[in-house]
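Asker: Before I ask anything, here is the structure I am working with.
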Amino acid sequence: MRTKRTLVTGLLATAALAASVPAAGAVPSAPAYRTDCPQLDTSLKWYGDNRAKLQQMIDERGSCSGTGGPRPVAAFDWDNTVVKNDITDATLAWSLKHDKILRPKSWRDTSAWLTPAADRALTQACGTSVPVGRPLPTSDNAACADEIMEIRVTAKTMSGEEAFAGDWNHRRTVPEYAWIPQLFAGHSPRALNSFARKARAENLAAPIGSTQTVGTHKLAGYIRYYDQQKDLIRTLKAAGFDVYIVSASSEPIAEAWSGGVGLDREHTIGIRNLTRHGKLTTGIRGCGDVDDGRGDALPYMDGKRCMINQEIFKIKGADAWERQDPAHRLAFGAGDADTDVTFVDDATGAHLAINRNKSELMCRGYDNADGRWVVNPMFIDPLPQKPGAYPCATAGATAADGSHVPVLRADGTVIPDQADGVFGG
C-alpha cells in the first residue's frame, strides 16, 4: 500500500501552534478576523449556533488567523458523518447482488476469529460446488447472501450462533469490520474500487428513504452526501486546513466516495488489506507496534487515533497509540459513533458529534469538558430525543476487554449521566 503524503516538513518545530491552542474550558477571544476569510454557506441549516461555532474555529485556526506555522489538520469519519448511511453495506449489498464474492477454500480462512459454527453455516448455505476462487451465485442463492449479511450486521449466524470468538482489543478492532475487506480477497484493489463506484451510482440515484433487499435482509437503499459537510470540508480546505477521511471501510471503498467532497486518495485512510501479486489477501496492515496480520488494528476507536498519528503526523511504534501534545493533534475532528470517539476527542479546536445516540461520543459531547464540542442532529432523517439518560457514569464506554465502564475525562474524573438535548423532529 502506498505511503500517505507527509503533512508538513518540520512539524516538530511548532511551538507557535501549541501556544495558540486555548486551555481546556477557556472561552476563545473574538479577534477582528478579515472579512474575506473563507465562510460557511449561511443558506445551509445547522442546529442552533453550531455554524457560528465552527466558523469561529476556522477563523482562529485557519489561514486567516495570522499565526503562521504548519497547516492545521481536520479529520472526518465517513459513514453517517459525511454521508447518510453506510458505504460498506452498500458495496457488500451490490456485490452480493452481482456475484462478486469469490469462494474461499475454507470460510475459516477468511478470518482468524471465525467460529466453527459460522464456518458450517456458510459452507452449508453457500455450498461447495463452485470452484475455489470463482464467484459465488449469491444473486440467486438467498441463503448464502443471508448468512454473509447476518454475520456483517449482527456477528452471528442466521441460527443465532456467534460468528466470531477469541481475544481482541475491543478499542482497536472488531472482527466483523475486518471480515468485509477480507471477503474480497482475490480481487484487485481496483476491482473493489469499481464495485464501490457502481454501488455509489446506484445509491445516489435511489430516492431518499428507499430500501433494498439482499437475501431476506432489508437495508437502506440510498446514500446522500450531507450538503453541510461538503460545505464544511470545502471551507476548511479554503482556509488552509489539511483535510482527511479516516474510515473503518476498506480503503478502496472509501476512495470511491471521497472524491465527491474534493479529497484525493492521499487524504483517504481506511482498512488496508495486504496484497499479493496485485490481489487483496485476508491479511490486514497493522498500526503502531501492532503487526500486520489478522486485523488487530483497524481505523476503529483507538485505532483511528493510531492511524492519524502514524499516517498524518508520522509518529511510529507504540507512541502512535498515545494522545499527543497539541502541536501533533488534529485541530478538528468529526464523527457520529463510539468508533470515532478517540480521535474526535483528541481535536484541539472543535469536536463535531453527529447525534446517533452513541453513548461514549454523546457523553463526551454533552459533558463538553473543554467548551469546544459541537453536537448536531443528523442532517437527513435525524433521530428523536433518546429516552432516559446516557449511562456515562456507569457503562457509557467500552473497555479493551469489551466490558462497559464509566466514561472518564482527561483528568480521570467520571462524566455524570447526560440527557439527550440535541435531536431532530
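Note on naming: chains are A, B, ... as they come in the C-alpha cells, residues start from 1 per chain, ligands start from 1 in the order shown.
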If you run DSSP on the backbone, which residues of range 125-343 of chain A are alpha helix (DSSP H), as a ChimeraX atom specification?
Answerer: /A:125-126,142-154,175-183,189-205,227-238,251-258,302-311,341-343
Asker: Could you give me, as a tab-separated table (two decimals) with C-alpha atoms, in the first residue's frame, the residues within 12 Å of Ala205 in chain A, counting only C-alpha atoms and dropping anything in the same chain fewer than 3 positions from it?
Answerer:
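The resulting file, result_16.tsv, is reproduced below:
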```
chain	number	residue	atom	x	y	z
A	198	LYS	CA	-21.15	1.09	-9.06
A	199	ALA	CA	-22.79	0.84	-5.66
A	200	ARG	CA	-22.26	4.57	-5.24
A	201	ALA	CA	-24.03	5.38	-8.50
A	202	GLU	CA	-26.92	3.10	-7.60
A	208	ILE	CA	-34.18	9.21	-0.12
A	209	GLY	CA	-35.86	6.72	2.18
A	210	SER	CA	-35.67	3.81	-0.24
A	221	GLY	CA	-31.08	1.51	-0.46
A	222	TYR	CA	-29.84	5.08	-0.76
A	223	ILE	CA	-26.88	7.23	0.31
A	224	ARG	CA	-26.57	11.00	0.24
A	225	TYR	CA	-23.68	13.36	0.82
```
Asker: What lies within 9 Å of Arg356 in chain A using only C-alpha atoms, ignoring chain neighbours under 2 positions off, as an MDAnalysis selection string?
Answerer: chainID A and resid 80 336:337 353:354 358:359 362 377:378 382:383 423
Asker: Take the residues from that selection and write them out as an mmCIF file, in the first residue's frame, keeping N, CA and C atoms.
Answerer:
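For reference, part-v2.cif as written:
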```
data_model
loop_
_atom_site.group_PDB
_atom_site.id
_atom_site.type_symbol
_atom_site.label_atom_id
_atom_site.label_comp_id
_atom_site.auth_asym_id
_atom_site.auth_seq_id
_atom_site.Cartn_x
_atom_site.Cartn_y
_atom_site.Cartn_z
ATOM 1 N N ASN A 80 -22.313 8.101 7.900
ATOM 2 C CA ASN A 80 -23.223 8.826 8.775
ATOM 3 C C ASN A 80 -22.583 10.048 9.430
ATOM 4 N N ASP A 336 -19.660 10.266 14.269
ATOM 5 C CA ASP A 336 -21.054 10.031 14.643
ATOM 6 C C ASP A 336 -21.236 8.878 15.615
ATOM 7 N N ALA A 337 -20.147 8.188 15.979
ATOM 8 C CA ALA A 337 -20.304 6.956 16.746
ATOM 9 C C ALA A 337 -19.154 6.771 17.712
ATOM 10 N N ALA A 353 -19.854 16.232 16.828
ATOM 11 C CA ALA A 353 -20.507 14.945 17.071
ATOM 12 C C ALA A 353 -21.875 14.951 16.404
ATOM 13 N N ILE A 354 -22.049 14.080 15.410
ATOM 14 C CA ILE A 354 -23.357 13.902 14.779
ATOM 15 C C ILE A 354 -24.136 12.902 15.630
ATOM 16 N N LYS A 358 -25.071 7.390 20.303
ATOM 17 C CA LYS A 358 -23.976 6.506 20.680
ATOM 18 C C LYS A 358 -23.370 7.003 21.996
ATOM 19 N N SER A 359 -23.355 6.145 22.994
ATOM 20 C CA SER A 359 -23.172 6.586 24.377
ATOM 21 C C SER A 359 -21.877 7.336 24.640
ATOM 22 N N MET A 362 -21.629 10.707 22.818
ATOM 23 C CA MET A 362 -22.578 11.709 23.287
ATOM 24 C C MET A 362 -22.308 12.106 24.738
ATOM 25 N N PRO A 377 -27.753 17.183 15.208
ATOM 26 C CA PRO A 377 -28.524 16.035 14.743
ATOM 27 C C PRO A 377 -28.071 15.624 13.333
ATOM 28 N N MET A 378 -28.398 14.414 12.937
ATOM 29 C CA MET A 378 -28.176 14.025 11.547
ATOM 30 C C MET A 378 -28.915 14.999 10.640
ATOM 31 N N PRO A 382 -33.124 12.884 11.092
ATOM 32 C CA PRO A 382 -32.491 12.852 12.409
ATOM 33 C C PRO A 382 -33.295 12.026 13.408
ATOM 34 N N LEU A 383 -32.598 11.516 14.418
ATOM 35 C CA LEU A 383 -33.252 10.720 15.450
ATOM 36 C C LEU A 383 -34.023 11.617 16.409
ATOM 37 N N PHE A 423 -31.434 17.057 19.177
ATOM 38 C CA PHE A 423 -32.060 15.973 18.429
ATOM 39 C C PHE A 423 -32.974 16.553 17.358
#
```
Asker: Skip range 300-306 of chain A itself and residues of its chain fewer than 3 positions away, then list as JSON, numbers by chain all residues within 10 Å of it, counting only C-alpha atoms.
Answerer: {"A": [77, 169, 170, 171, 172, 173, 174, 177, 246, 247, 248, 249, 269, 270, 271, 286, 287, 288, 289, 296, 297, 309, 310, 311, 312, 313, 315, 316, 317, 318, 319, 320, 321, 322, 323, 324, 329, 330, 337, 338, 339, 340, 341, 342, 343, 344, 345, 346, 398, 400]}
Asker: Let's have the selection written as a PDB file, in the first residue's frame, with C-alpha atoms.
Answerer:
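Contents of the output file again-v9.pdb:
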```pdb
ATOM      1  CA  ASP A  77     -15.241   9.808   9.825  1.00  0.00           C
ATOM      2  CA  ASN A 169      -8.759  -5.434  21.883  1.00  0.00           C
ATOM      3  CA  HIS A 170     -12.278  -4.015  21.650  1.00  0.00           C
ATOM      4  CA  ARG A 171     -10.961  -0.466  21.339  1.00  0.00           C
ATOM      5  CA  ARG A 172      -8.747  -1.332  18.392  1.00  0.00           C
ATOM      6  CA  THR A 173     -10.693  -3.752  16.225  1.00  0.00           C
ATOM      7  CA  VAL A 174     -13.903  -5.694  15.748  1.00  0.00           C
ATOM      8  CA  TYR A 177     -15.496  -4.938  10.410  1.00  0.00           C
ATOM      9  CA  VAL A 246     -10.465   8.244   8.363  1.00  0.00           C
ATOM     10  CA  SER A 247     -12.909   5.392   7.883  1.00  0.00           C
ATOM     11  CA  ALA A 248     -13.382   1.809   9.064  1.00  0.00           C
ATOM     12  CA  SER A 249     -14.371   0.942   5.498  1.00  0.00           C
ATOM     13  CA  ILE A 269      -7.459   6.413   5.144  1.00  0.00           C
ATOM     14  CA  GLY A 270      -9.301   3.107   5.582  1.00  0.00           C
ATOM     15  CA  ILE A 271      -8.763  -0.586   6.296  1.00  0.00           C
ATOM     16  CA  GLY A 286      -1.352  -3.123  11.438  1.00  0.00           C
ATOM     17  CA  CYS A 287      -0.621   0.193  13.093  1.00  0.00           C
ATOM     18  CA  GLY A 288       1.958   1.455  15.557  1.00  0.00           C
ATOM     19  CA  ASP A 289       3.551  -1.535  17.238  1.00  0.00           C
ATOM     20  CA  ASP A 296      -5.791  -6.447  15.297  1.00  0.00           C
ATOM     21  CA  ALA A 297      -5.524  -2.729  14.489  1.00  0.00           C
ATOM     22  CA  ASN A 309      -0.736   9.691  14.364  1.00  0.00           C
ATOM     23  CA  GLN A 310       1.116   7.273  12.113  1.00  0.00           C
ATOM     24  CA  GLU A 311      -0.050   8.343   8.670  1.00  0.00           C
ATOM     25  CA  ILE A 312      -0.520  12.091   9.136  1.00  0.00           C
ATOM     26  CA  PHE A 313       1.809  13.095  11.951  1.00  0.00           C
ATOM     27  CA  ILE A 315       4.561   9.074  14.778  1.00  0.00           C
ATOM     28  CA  LYS A 316       5.808   5.494  14.805  1.00  0.00           C
ATOM     29  CA  GLY A 317       5.668   2.467  17.052  1.00  0.00           C
ATOM     30  CA  ALA A 318       3.795   2.227  20.340  1.00  0.00           C
ATOM     31  CA  ASP A 319       3.705   6.033  20.621  1.00  0.00           C
ATOM     32  CA  ALA A 320       1.162   6.130  17.781  1.00  0.00           C
ATOM     33  CA  TRP A 321      -1.470   4.811  20.195  1.00  0.00           C
ATOM     34  CA  GLU A 322      -0.928   7.646  22.665  1.00  0.00           C
ATOM     35  CA  ARG A 323      -2.557  11.057  22.823  1.00  0.00           C
ATOM     36  CA  GLN A 324      -0.004  13.555  21.568  1.00  0.00           C
ATOM     37  CA  ARG A 329      -3.045  16.623  17.196  1.00  0.00           C
ATOM     38  CA  LEU A 330      -5.954  17.472  14.970  1.00  0.00           C
ATOM     39  CA  ALA A 337     -20.304   6.956  16.746  1.00  0.00           C
ATOM     40  CA  ASP A 338     -18.234   5.485  19.542  1.00  0.00           C
ATOM     41  CA  THR A 339     -15.965   4.113  16.814  1.00  0.00           C
ATOM     42  CA  ASP A 340     -14.851   7.741  16.309  1.00  0.00           C
ATOM     43  CA  VAL A 341     -14.741   8.983  19.888  1.00  0.00           C
ATOM     44  CA  THR A 342     -10.987   8.808  20.476  1.00  0.00           C
ATOM     45  CA  PHE A 343      -9.835  10.896  17.518  1.00  0.00           C
ATOM     46  CA  VAL A 344     -12.733  13.345  17.775  1.00  0.00           C
ATOM     47  CA  ASP A 345     -11.893  13.896  21.449  1.00  0.00           C
ATOM     48  CA  ASP A 346      -8.225  14.446  20.518  1.00  0.00           C
ATOM     49  CA  THR A 398     -16.205   0.229  26.081  1.00  0.00           C
ATOM     50  CA  ALA A 400     -10.357  -3.091  25.862  1.00  0.00           C
TER      51      ALA A 400
END
```
Asker: Just list as number ranges by chain whatever in range 64-313 of chain A DSSP marks as strand (DSSP E or B).
Answerer: A: 73-76, 79, 83-84, 102, 114, 135, 156, 162, 164, 211-214, 217-220, 224-225, 242-250, 268-271, 273-276, 279-284, 287, 290, 293
Asker: Grab the CA of Asn203 in chain A to CA of Lys100 in chain A distance for me, in Å with one decimal place.
Answerer: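 Computing the Euclidean distance for CA of Asn203 in chain A and CA of Lys100 in chain A yields 17.7 Å.
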